[in-house]
Amino acid sequence: MNSNNISRRGFLGASVAVMAGAAGLTAAGCSAESSLEAAGKHELPVDPAKGGEWISAACWHNCGGRCMNKVMVKDGAVVRQKTDDTHEDSIEYPQQRGCVRGKTQQQQCFGADRILHPLKRKGWQPGGGEKSNGQMRGKDEWEVISWDEAIKLASEEIKRISDEYGPTGFYCKANNTTLNVLSGYVRGWDTTSHGTYTLDVTKMGLPTTDCGTGDADTANDRFDLENAEYIIMWSSNPAWSAAGTPINYWMAARDKGTKFVSIDPLYNASAQMLDAEWVPVRTGTDMALMFAIAYEMLRLDEEKGGIIDWDFIHKYTVGFDSESMPEDKTIDENLKDYILGEYDGTPKTPEWAEPICGVKPEQVTELAQIMAKSNKVMILHNYGMARCNGAEMLPQLLIALGAMGGHMGKSGHATASAYHANAGNGGARLISAGAAKMPKTTNPVTTGVRQPQMYEIIKNGGGHTQDVSNAYGSFHKPNPTELGPIKCIYHMTDAVLQTSLNQKEGIEAHRAVDFVLTLAQFMTTNARYSDIILPVTTEWERCGGFGDYNNREYLPFYTRVTQPLGEAKTDQEIGELLIAGVGKDPKLAYGKTEDQQLYEKIAGCKVMGDDGKMKTLVTLTADDIKSLNAEGTPQEGIITLKELKENGGYQFPRKRGDKHGHIGYQKFVDDPEANPLKSKSGKLEIYCQARYDLMASFGFPGIEQYKPYPTYVVPCTGYESTFKDGKIGGEKGEYPFLMFNPHYLRRSHTVFDNCPWLREAWANPVFLARSDAESLGIKDGDTVLLSSPYGKGLRNAAVMDVLMPGMVGVPHGAWVDVDEETGIDMAGSDNYLIGSEYSGMGVSGYNNQICNVEKYTGAPLGRDCDKPARWSAN
Ligand SMILES: Nc1nc2c(c(=O)[nH]1)N[C@H]1C(S)=C(S)[C@@H](COP(=O)(O)OP(=O)(O)OC[C@H]3O[C@@H](n4cnc5c(=O)[nH]c(N)nc54)[C@H](O)[C@@H]3O)O[C@H]1N2
Ligand SMILES: Nc1nc2c(c(=O)[nH]1)N[C@H]1C(S)=C(S)[C@@H](COP(=O)(O)OP(=O)(O)OC[C@H]3O[C@@H](n4cnc5c(=O)[nH]c(N)nc54)[C@H](O)[C@@H]3O)O[C@H]1N2
Ligand code: SF4
Ligand SMILES: [Mo]
C-alpha cells in the first residue's frame, strides 16, 4: 500500500494498481528476482540439460483458493517454480493458476527460520507449579534437545497431568487424535469463518452455515453468473479471499454485461476489478441498511407496484407478514410490521438507517429498485458482516430481502454465500478424493468452551462454563459445567493464540499452566509461548496428498518435494512417539502407514459420470500400488497414476450448457411440498422460533434484546460504542474509530507471515481513510499507535481514498510481537486489540471493534521486511 515501486497516478488509479497487484496480477517489490521471475512464467520449458524434475507440490493452507503449484527440483533444491500449464486457459476450462503465496511455499519449506530440531525452553522443568517457571514463556531462551529427551519429557509430563487432573486437565483447539488417546482434552469453540451463520441456520431452512454442496448449495453454478443483471457483493472480496480461479468467473460475467454493486466499508480489490458501484457501509451495521432497503421496497411497491414478489414470500417463507406466521410462533409480531414501525413507533426508513450505517438515502432507494422482482439479481455474500457483534439475526434478514425480490431458485437469481474456492460456483462436487480408513478415537471430554472464555478459565484454575457446543456448528441446549484446572495446552494444526480474540489474556493463560507443547514448523505465536517445540514437517516433506478444499471442479494432488529437513517428523510420527511414551499402543490412533493412507485416498477418488453417478477416477496397477509402498487391489479408472501425478491432480472439463449446472433452491422452488427445507415449517423461516429458542437457552448477555425475527439490536461493542454515552450523534468517546480485520494477501491467516518475499510485497499497514488521516496529521507511511480498551499496537499508515471515513482496517493474522517494556505490540496483531466481549449467541465480533488512532511520537516502526526473523535455524 505504501510501496515505492508504484508511482502515484491520481488517487484511484494508484489504488487500483496496488489492489490489482494485491490480487496477484503483479508481484511488485519482491526481492528474489530469479525465483519469482521463474515462478511467474508458467510457460517455462523444462530444461533437460539442467536435469530438473517438475513435481506437483502442495499449497496446503486455509487460504480460500486451491491451485496448482509445480516446482522443479534439482539436486534436492527447488530451482524453479510454476503453476498450471497442463492445458490452454479458457473460461470454460481455466488453468488453476496460483498466487504469489503459492510461489512462496519454497520459503516455507526451506526457510532459514524453519524449526529443525526439538527445542526446550531453558527455564522450564517438568513437575508443575514453580518448576514450570511460566512467567518466562515468550521471554526465555531455547535449547536444542534430542528427540529421545523431548519425547520423554513431554510424555512423562502429559502422563503426570493426566493422572493428577484427568482429561479435563488438557486444552487443545484442533481436533486431535493423538490427544484423544493420550488423555482427552477440553475444546474451545468459536464462530470463526461464518460468524453468526455458525449458529444452526438449518433451523431457518438454510444448509449448514449457508454453505451447502450439491442440491443443498444455495449459490448457482458459475456459468449462471452472467445471467444476472446485477450481482450484489455483500461483504465480499473474492480477489483476496478466494484467490485462484473464482474472480475470473466473476470477471467473465462482467464482460457479458452483468453489473456489480459492492456493499463494503472498503472499495476492495474485487469491486475495483469488477467496476462495481460502491455502497460504503460501516461494519456491523448492515442490518440497519437491510431494514432500510426493505422499507424502500415496501414503499415503492405500495406507490408503483412491481417491486415485491408477494407470491414468492407467501409460498416459500414464514414470518414476513401477519398472513404468513409459523404455527410455532410465541409472539404475534412479523418483520413487515416491525419495518413499518408498528411495534416501536419507528419506521425503518433510509433516514433512520443513515446515522447508523452511513449509507446515503439515495443509495438505499437505488438498491431497493435494483432488488425489485423485475430484475435478475444475485445477492452473493461472504461472512465479514456476519463476524460482527450484534449480527445474530442477519441471516434471517438477508434471506428476507432476497425473498422480497423472489431472488432464488431461478437462473440469474440467487441469495447465497460465495465463499472460498467455490465463490460463485455452486453445485455438486464433480470430483472428490477418497479417505483413508483410520481407527476411530473418541475424546472422553465433550465440553466445548466458548474460545475467548477459555483463557479466563485457564487463568483462574478452572471455572463455570455454559457448554453449548462440542464442535464447530453443532450447538445444543446448554449443559452447565464446572471445569477443574487446565494444566496443559497442546497445539498442533491451529494458531489459536494468534487467531483467537482476547490474545493478551491468552498469553497470560499460557503463562499460567504447567506445560505447553507445540508441534510447529516455525516459531509461531503458539510455539513462542511454549515449553517444548517438536519440529514438524511441511507437506513438501511428506508422501503426498490432496488439496481437497471444496473446489467442485478441481482436485489438486501433490507429492514429496524433499526428504524431511533437519530432524523434522510428521504429525503422525510424533503422535506415535508420544503415545508409546505414555505406555500405550500407537495403533490405537494410527493403524497404518502414511503411504498406505495416501494410496487409499487415491484409490477412493471419484469423478462425476455422464449418468450423474460418481465413478472411480484413477486406474491403479499392481506395480502402481507397489510404487506407493502400499497394499491393495488393482482398479480401473479413467486416468493413470502417472497422469494424476504429472497433471497435479484432476480438473473436471466444464462446458457452458453441460449437465453439471446448478441453480440454488431450484428443487424447493419448483415443488416446495415435495422438497421441503430442513426448517420446522419446511420453508425459509424469517421468523424462526427454533433458532431463537436455542439461542435464548444459552443465556448469554444481551439476549433479552433479541426476538425470533430480525430487529435492530445495539451490539455489545460496535459503532454505537464509539460515542461517549453510546448514542449515535453525541460526543465521540475515547475510541472513536470502528476497526475491522480484512483477510490479507500476505498471509493465509497467520501462515506465511514469516516469509521474507511476502513481507516485502505486502507491507501489512493499517488502512486509514484520507480525511481521518488528515485531521489527525497522519501522512502515508507514518507510524501510528492503535489503541483499544484491550491493547496497543504500532503500524505504518496506508492512507486510502477507498476506505469509508471512521473505519480502520487492521489486517488479520500478523504474528504478535509484544515489547515487554511498553506492552505495545510491534506487529499489528488484530487479536491483541480485541477482548472477549460477546452477546446473543457468542459471535466473535472481529469486524466491529472500537479503537483509537494517533500519530506515534516514538521511534518510527520501520518495515516488517527489514526486521530479523523470529528464529533462525542456525
Ligand atoms: N481478529 C480476527 N481473528 C480471526 C479472524 C478475523 O478475521 N479476525 N478470522 C478467523 C477465521 S475466519 C479463521 S478460519 C481462523 C483461523 O485460525 P487458525 O486455523 O488458528 O489459523 P491458521 O493460521 O490457518 O493456523 C494453522 C496453523 O497450523 C500450522 N500448520 C500448518 N501445517 C501444519 C501441519 O502439517 N502440522 C502442524 N502440526 N501444524 C501445521 C501453521 O503453521 C499454523 O500455525 O482465524 C480466525 N480469527
Ligand atoms: N489472502 C487470504 N485469503 C483468505 C484468508 C486469509 O487469511 N488470507 N482466509 C480464508 C478464510 S478461512 C476465510 S473465512 C475467508 C474470509 O473471506 P472474507 O469474509 O471474504 O474476508 P474478509 O476480508 O474478512 O471480508 C471480505 C470483505 O468484507 C468486508 N467487510 C468486513 N466487515 C464487514 C461488514 O460488517 N459489512 C460489510 N458490508 N462488509 C464487511 C471487508 O471490508 C472485506 O472487503 O478468506 C479466506 N481467504
Ligand atoms: S490461492 Fe491459496 S492455494 Fe492458490 S496459490 Fe495462493 S496460497 Fe496457494
Ligand atoms: Mo475462516
# chains A, B, ... in the order shown; residues from 1 in each chain; ligands from 1

$ residues_near_ligand --ligand "ligand 1" --cutoff "6 Å" --atoms "only C-alpha atoms and all ligand atoms" --output "PDB file with N, CA, C and O atoms, in the first residue's frame"
ATOM      1  N   ASN A  62      -5.181 -22.846   4.556  1.00  0.00           N
ATOM      2  CA  ASN A  62      -6.594 -22.494   4.567  1.00  0.00           C
ATOM      3  C   ASN A  62      -6.759 -21.094   3.978  1.00  0.00           C
ATOM      4  O   ASN A  62      -7.107 -20.156   4.674  1.00  0.00           O
ATOM      5  N   THR A 192     -15.604 -18.469  14.242  1.00  0.00           N
ATOM      6  CA  THR A 192     -14.623 -18.063  13.219  1.00  0.00           C
ATOM      7  C   THR A 192     -15.163 -17.643  11.848  1.00  0.00           C
ATOM      8  O   THR A 192     -15.651 -16.549  11.688  1.00  0.00           O
ATOM      9  N   SER A 193     -15.069 -18.529  10.864  1.00  0.00           N
ATOM     10  CA  SER A 193     -15.281 -18.111   9.477  1.00  0.00           C
ATOM     11  C   SER A 193     -16.677 -17.548   9.206  1.00  0.00           C
ATOM     12  O   SER A 193     -16.822 -16.545   8.520  1.00  0.00           O
ATOM     13  N   MET A 492      -1.401 -28.101  17.881  1.00  0.00           N
ATOM     14  CA  MET A 492      -0.884 -28.649  16.624  1.00  0.00           C
ATOM     15  C   MET A 492      -1.395 -27.878  15.427  1.00  0.00           C
ATOM     16  O   MET A 492      -0.887 -26.799  15.182  1.00  0.00           O
ATOM     17  N   THR A 493      -2.364 -28.349  14.683  1.00  0.00           N
ATOM     18  CA  THR A 493      -2.660 -27.649  13.432  1.00  0.00           C
ATOM     19  C   THR A 493      -3.588 -26.445  13.598  1.00  0.00           C
ATOM     20  O   THR A 493      -4.529 -26.265  12.841  1.00  0.00           O
ATOM     21  N   ASP A 494      -3.330 -25.645  14.612  1.00  0.00           N
ATOM     22  CA  ASP A 494      -4.057 -24.390  14.733  1.00  0.00           C
ATOM     23  C   ASP A 494      -3.057 -23.327  15.155  1.00  0.00           C
ATOM     24  O   ASP A 494      -1.934 -23.635  15.524  1.00  0.00           O
ATOM     25  N   ALA A 495      -3.489 -22.097  15.090  1.00  0.00           N
ATOM     26  CA  ALA A 495      -2.632 -20.989  15.508  1.00  0.00           C
ATOM     27  C   ALA A 495      -3.387 -20.196  16.567  1.00  0.00           C
ATOM     28  O   ALA A 495      -3.395 -18.974  16.564  1.00  0.00           O
ATOM     29  N   VAL A 496      -4.045 -20.930  17.463  1.00  0.00           N
ATOM     30  CA  VAL A 496      -5.097 -20.308  18.272  1.00  0.00           C
ATOM     31  C   VAL A 496      -4.655 -19.114  19.107  1.00  0.00           C
ATOM     32  O   VAL A 496      -5.386 -18.141  19.229  1.00  0.00           O
ATOM     33  N   THR A 499      -4.939 -16.503  16.532  1.00  0.00           N
ATOM     34  CA  THR A 499      -6.181 -16.292  15.767  1.00  0.00           C
ATOM     35  C   THR A 499      -7.427 -16.144  16.627  1.00  0.00           C
ATOM     36  O   THR A 499      -8.496 -15.840  16.105  1.00  0.00           O
ATOM     37  N   SER A 500      -7.281 -16.387  17.925  1.00  0.00           N
ATOM     38  CA  SER A 500      -8.455 -16.210  18.775  1.00  0.00           C
ATOM     39  C   SER A 500      -8.400 -14.837  19.412  1.00  0.00           C
ATOM     40  O   SER A 500      -7.322 -14.346  19.770  1.00  0.00           O
ATOM     41  N   LEU A 501      -9.601 -14.239  19.586  1.00  0.00           N
ATOM     42  CA  LEU A 501      -9.585 -12.930  20.217  1.00  0.00           C
ATOM     43  C   LEU A 501      -9.198 -13.078  21.679  1.00  0.00           C
ATOM     44  O   LEU A 501      -9.057 -14.178  22.195  1.00  0.00           O
ATOM     45  N   LEU A 519       3.565 -28.573  18.302  1.00  0.00           N
ATOM     46  CA  LEU A 519       4.166 -29.195  17.120  1.00  0.00           C
ATOM     47  C   LEU A 519       4.201 -28.103  16.067  1.00  0.00           C
ATOM     48  O   LEU A 519       3.143 -27.643  15.625  1.00  0.00           O
ATOM     49  N   ALA A 520       5.395 -27.668  15.674  1.00  0.00           N
ATOM     50  CA  ALA A 520       5.440 -26.481  14.818  1.00  0.00           C
ATOM     51  C   ALA A 520       6.525 -26.568  13.754  1.00  0.00           C
ATOM     52  O   ALA A 520       7.504 -27.302  13.891  1.00  0.00           O
ATOM     53  N   GLN A 521       6.284 -25.809  12.699  1.00  0.00           N
ATOM     54  CA  GLN A 521       7.284 -25.687  11.624  1.00  0.00           C
ATOM     55  C   GLN A 521       8.146 -24.441  11.828  1.00  0.00           C
ATOM     56  O   GLN A 521       9.274 -24.360  11.369  1.00  0.00           O
ATOM     57  N   THR A 538       6.733 -29.980   6.756  1.00  0.00           N
ATOM     58  CA  THR A 538       5.724 -29.350   5.912  1.00  0.00           C
ATOM     59  C   THR A 538       5.205 -30.415   4.948  1.00  0.00           C
ATOM     60  O   THR A 538       5.784 -31.500   4.836  1.00  0.00           O
ATOM     61  N   ASP A 571       3.324 -35.241  11.758  1.00  0.00           N
ATOM     62  CA  ASP A 571       2.429 -35.236  12.923  1.00  0.00           C
ATOM     63  C   ASP A 571       2.153 -36.662  13.393  1.00  0.00           C
ATOM     64  O   ASP A 571       2.076 -36.921  14.589  1.00  0.00           O
ATOM     65  N   ASN A 741     -11.085  -6.406  10.322  1.00  0.00           N
ATOM     66  CA  ASN A 741      -9.899  -7.221  10.028  1.00  0.00           C
ATOM     67  C   ASN A 741      -9.996  -7.883   8.661  1.00  0.00           C
ATOM     68  O   ASN A 741     -10.410  -9.045   8.557  1.00  0.00           O
ATOM     69  N   HIS A 749      -4.421 -16.471   6.963  1.00  0.00           N
ATOM     70  CA  HIS A 749      -4.474 -16.268   8.426  1.00  0.00           C
ATOM     71  C   HIS A 749      -3.090 -15.884   8.924  1.00  0.00           C
ATOM     72  O   HIS A 749      -2.594 -14.846   8.587  1.00  0.00           O
ATOM     73  N   THR A 750      -2.463 -16.812   9.707  1.00  0.00           N
ATOM     74  CA  THR A 750      -1.143 -16.492  10.251  1.00  0.00           C
ATOM     75  C   THR A 750      -0.044 -17.054   9.370  1.00  0.00           C
ATOM     76  O   THR A 750       1.112 -16.669   9.488  1.00  0.00           O
ATOM     77  N   VAL A 751      -0.420 -18.002   8.522  1.00  0.00           N
ATOM     78  CA  VAL A 751       0.577 -18.726   7.748  1.00  0.00           C
ATOM     79  C   VAL A 751       1.196 -17.809   6.693  1.00  0.00           C
ATOM     80  O   VAL A 751       0.474 -17.038   6.052  1.00  0.00           O
ATOM     81  N   HIS A 812      -5.837  -9.142   9.204  1.00  0.00           N
ATOM     82  CA  HIS A 812      -5.921 -10.291  10.114  1.00  0.00           C
ATOM     83  C   HIS A 812      -4.663 -11.152  10.071  1.00  0.00           C
ATOM     84  O   HIS A 812      -4.156 -11.448   9.003  1.00  0.00           O
ATOM     85  N   ASP A 830      -4.160  -8.306  15.110  1.00  0.00           N
ATOM     86  CA  ASP A 830      -5.566  -7.924  15.294  1.00  0.00           C
ATOM     87  C   ASP A 830      -6.081  -8.312  16.674  1.00  0.00           C
ATOM     88  O   ASP A 830      -6.715  -7.521  17.371  1.00  0.00           O
ATOM     89  N   ASN A 831      -5.776  -9.537  17.075  1.00  0.00           N
ATOM     90  CA  ASN A 831      -6.381 -10.030  18.305  1.00  0.00           C
ATOM     91  C   ASN A 831      -5.748  -9.485  19.570  1.00  0.00           C
ATOM     92  O   ASN A 831      -6.273  -9.687  20.664  1.00  0.00           O
ATOM     93  N   TYR A 846     -15.154  -9.819  15.195  1.00  0.00           N
ATOM     94  CA  TYR A 846     -13.862  -9.348  14.685  1.00  0.00           C
ATOM     95  C   TYR A 846     -13.985  -7.983  14.019  1.00  0.00           C
ATOM     96  O   TYR A 846     -13.051  -7.195  14.017  1.00  0.00           O
TER      97      TYR A 846
END

$ residues_near_ligand --ligand "ligand 2" --cutoff "6 Å" --atoms "only C-alpha atoms and all ligand atoms" --output "ChimeraX atom specification"
/A:62-64,193,234-238,240-242,263-266,268,281,283-284,286,382-385,420,741-745,747-749,847

$ residues_near_ligand --ligand "ligand 3" --cutoff "9 Å" --atoms "only C-alpha atoms and all ligand atoms" --output "JSON, numbers by chain"
{"A": [24, 58, 59, 60, 61, 62, 63, 64, 65, 66, 67, 68, 69, 83, 96, 97, 98, 99, 100, 101, 102, 103, 104, 105, 240, 241, 242, 243, 244, 245, 421, 547, 745, 747, 748]}

$ select_by_dssp --residues "region 362-589 of chain A" --states "alpha helix (DSSP H)" --output "PyMOL selection string"
chain A and resi 362-370+394-404+451-459+496-499+503-512+525-528+571-581

$ closest_residue --among "A:Asp190, A:Asp531, A:Glu482, A:Glu508" --to "ligand 4" --atoms "only C-alpha atoms and all ligand atoms"
A:Asp190

$ closest_atom_pairs --of "region 158-196 of chain A" --to "region 392-413 of chain A" --cutoff "12 Å" --atoms "only C-alpha atoms" --output "Markdown table"
| residue | atom | partner | partner_atom | distance |
| --- | --- | --- | --- | --- |
| A:Thr191 | CA | A:Glu392 | CA | 11.2 |
| A:His194 | CA | A:Pro395 | CA | 10.7 |
| A:Gly195 | CA | A:Glu392 | CA | 8.5 |
| A:Thr196 | CA | A:Glu392 | CA | 5.3 |

$ closest_residue --among "A:Gly545, A:Pro805, A:Gly845, A:Pro556" --to "Glu594 (chain A)" --atoms "only C-alpha atoms"
A:Gly545

$ closest_residue --among "A:Arg387, A:Lys779, A:Arg691, A:Lys587" --to "ligand 4" --atoms "only C-alpha atoms and all ligand atoms"
A:Arg387

$ residues_around --residues "Glu323 (chain A)" --least-positions-apart "5" --cutoff "12 Å" --atoms "only C-alpha atoms" --output "mmCIF file with N, CA, C and O atoms, in the first residue's frame"
data_model
loop_
_atom_site.group_PDB
_atom_site.id
_atom_site.type_symbol
_atom_site.label_atom_id
_atom_site.label_comp_id
_atom_site.auth_asym_id
_atom_site.auth_seq_id
_atom_site.Cartn_x
_atom_site.Cartn_y
_atom_site.Cartn_z
ATOM 1 N N TRP A 310 -44.806 -10.908 -3.880
ATOM 2 C CA TRP A 310 -45.640 -11.378 -2.763
ATOM 3 C C TRP A 310 -45.929 -12.864 -2.856
ATOM 4 O O TRP A 310 -46.012 -13.546 -1.842
ATOM 5 N N ASP A 311 -46.106 -13.360 -4.082
ATOM 6 C CA ASP A 311 -46.378 -14.787 -4.229
ATOM 7 C C ASP A 311 -45.216 -15.602 -3.676
ATOM 8 O O ASP A 311 -45.408 -16.597 -2.985
ATOM 9 N N ILE A 313 -42.999 -14.700 -1.441
ATOM 10 C CA ILE A 313 -42.959 -14.588 0.025
ATOM 11 C C ILE A 313 -43.971 -15.523 0.671
ATOM 12 O O ILE A 313 -43.646 -16.263 1.610
ATOM 13 N N HIS A 314 -45.176 -15.519 0.157
ATOM 14 C CA HIS A 314 -46.214 -16.315 0.821
ATOM 15 C C HIS A 314 -46.083 -17.811 0.569
ATOM 16 O O HIS A 314 -46.488 -18.615 1.387
ATOM 17 N N LYS A 315 -45.485 -18.157 -0.546
ATOM 18 C CA LYS A 315 -45.354 -19.571 -0.852
ATOM 19 C C LYS A 315 -44.125 -20.205 -0.179
ATOM 20 O O LYS A 315 -44.156 -21.367 0.208
ATOM 21 N N THR A 317 -41.855 -18.616 2.327
ATOM 22 C CA THR A 317 -41.291 -18.138 3.600
ATOM 23 C C THR A 317 -42.385 -18.047 4.659
ATOM 24 O O THR A 317 -43.575 -18.009 4.335
ATOM 25 N N VAL A 318 -41.953 -17.997 5.918
ATOM 26 C CA VAL A 318 -42.882 -17.684 7.001
ATOM 27 C C VAL A 318 -42.318 -16.513 7.795
ATOM 28 O O VAL A 318 -41.108 -16.334 7.878
ATOM 29 N N ASP A 332 -46.837 -12.449 18.512
ATOM 30 C CA ASP A 332 -47.574 -12.136 17.300
ATOM 31 C C ASP A 332 -46.978 -10.918 16.614
ATOM 32 O O ASP A 332 -47.635 -9.894 16.470
ATOM 33 N N GLU A 333 -45.724 -11.018 16.233
ATOM 34 C CA GLU A 333 -45.068 -9.906 15.541
ATOM 35 C C GLU A 333 -44.440 -10.440 14.269
ATOM 36 O O GLU A 333 -43.998 -11.588 14.225
ATOM 37 N N ASN A 334 -44.402 -9.593 13.246
ATOM 38 C CA ASN A 334 -43.795 -10.014 11.984
ATOM 39 C C ASN A 334 -42.848 -8.941 11.475
ATOM 40 O O ASN A 334 -42.866 -7.799 11.938
ATOM 41 N N LEU A 335 -42.025 -9.339 10.526
ATOM 42 C CA LEU A 335 -40.968 -8.448 10.053
ATOM 43 C C LEU A 335 -41.523 -7.185 9.393
ATOM 44 O O LEU A 335 -41.054 -6.079 9.635
ATOM 45 N N LYS A 336 -42.521 -7.357 8.575
ATOM 46 C CA LYS A 336 -43.036 -6.215 7.814
ATOM 47 C C LYS A 336 -43.533 -5.125 8.763
ATOM 48 O O LYS A 336 -43.186 -3.938 8.606
ATOM 49 N N ASP A 337 -44.323 -5.510 9.744
ATOM 50 C CA ASP A 337 -44.864 -4.503 10.655
ATOM 51 C C ASP A 337 -43.775 -3.883 11.529
ATOM 52 O O ASP A 337 -43.851 -2.718 11.902
#

$ closest_residue --among "A:Tyr419, A:Gln108, A:Lys678, A:Leu340" --to "ligand 4" --atoms "only C-alpha atoms and all ligand atoms"
A:Tyr419

$ residues_around --residues "Gly76 (chain A)" --least-positions-apart "3" --cutoff "10 Å" --atoms "only C-alpha atoms" --output "ChimeraX atom specification"
/A:52,72-73,79,561-563

$ write_last_selection --atoms "N, CA, C and O atoms" --output "PDB file, in the first residue's frame"
ATOM      1  N   GLY A  52      16.505 -31.021 -14.152  1.00  0.00           N
ATOM      2  CA  GLY A  52      15.493 -30.824 -13.107  1.00  0.00           C
ATOM      3  C   GLY A  52      14.258 -31.659 -13.376  1.00  0.00           C
ATOM      4  O   GLY A  52      14.003 -32.090 -14.508  1.00  0.00           O
ATOM      5  N   MET A  72      10.435 -27.210  -9.778  1.00  0.00           N
ATOM      6  CA  MET A  72      11.478 -28.003 -10.418  1.00  0.00           C
ATOM      7  C   MET A  72      12.551 -28.270  -9.381  1.00  0.00           C
ATOM      8  O   MET A  72      13.105 -27.353  -8.780  1.00  0.00           O
ATOM      9  N   VAL A  73      12.804 -29.548  -9.178  1.00  0.00           N
ATOM     10  CA  VAL A  73      13.766 -29.935  -8.155  1.00  0.00           C
ATOM     11  C   VAL A  73      15.031 -30.424  -8.835  1.00  0.00           C
ATOM     12  O   VAL A  73      14.981 -31.218  -9.776  1.00  0.00           O
ATOM     13  N   VAL A  79      14.689 -25.221  -7.910  1.00  0.00           N
ATOM     14  CA  VAL A  79      15.352 -24.218  -8.742  1.00  0.00           C
ATOM     15  C   VAL A  79      14.357 -23.379  -9.544  1.00  0.00           C
ATOM     16  O   VAL A  79      14.679 -22.304 -10.017  1.00  0.00           O
ATOM     17  N   VAL A 561       8.421 -33.282  -2.286  1.00  0.00           N
ATOM     18  CA  VAL A 561       9.416 -32.454  -2.956  1.00  0.00           C
ATOM     19  C   VAL A 561      10.794 -32.769  -2.413  1.00  0.00           C
ATOM     20  O   VAL A 561      11.783 -32.786  -3.127  1.00  0.00           O
ATOM     21  N   THR A 562      10.877 -33.029  -1.105  1.00  0.00           N
ATOM     22  CA  THR A 562      12.179 -33.283  -0.489  1.00  0.00           C
ATOM     23  C   THR A 562      12.007 -34.213   0.706  1.00  0.00           C
ATOM     24  O   THR A 562      10.907 -34.322   1.254  1.00  0.00           O
ATOM     25  N   GLN A 563      13.072 -34.872   1.075  1.00  0.00           N
ATOM     26  CA  GLN A 563      13.050 -35.647   2.317  1.00  0.00           C
ATOM     27  C   GLN A 563      12.930 -34.681   3.490  1.00  0.00           C
ATOM     28  O   GLN A 563      13.269 -33.496   3.348  1.00  0.00           O
TER      29      GLN A 563
END

$ residues_around --residues "Gly777 (chain A)" --least-positions-apart "4" --cutoff "10 Å" --atoms "only C-alpha atoms" --output "ChimeraX atom specification"
/A:771-773,782,854-855

$ select_by_dssp --residues "region 622-754 of chain A" --states "strand (DSSP E)" --output "ChimeraX atom specification"
/A:639-640,649-651,684-685,737-740

$ closest_residue --among "A:Ala761, A:Ala827, A:Leu794, A:Val799" --to "Ala859 (chain A)" --atoms "only C-alpha atoms"
A:Leu794
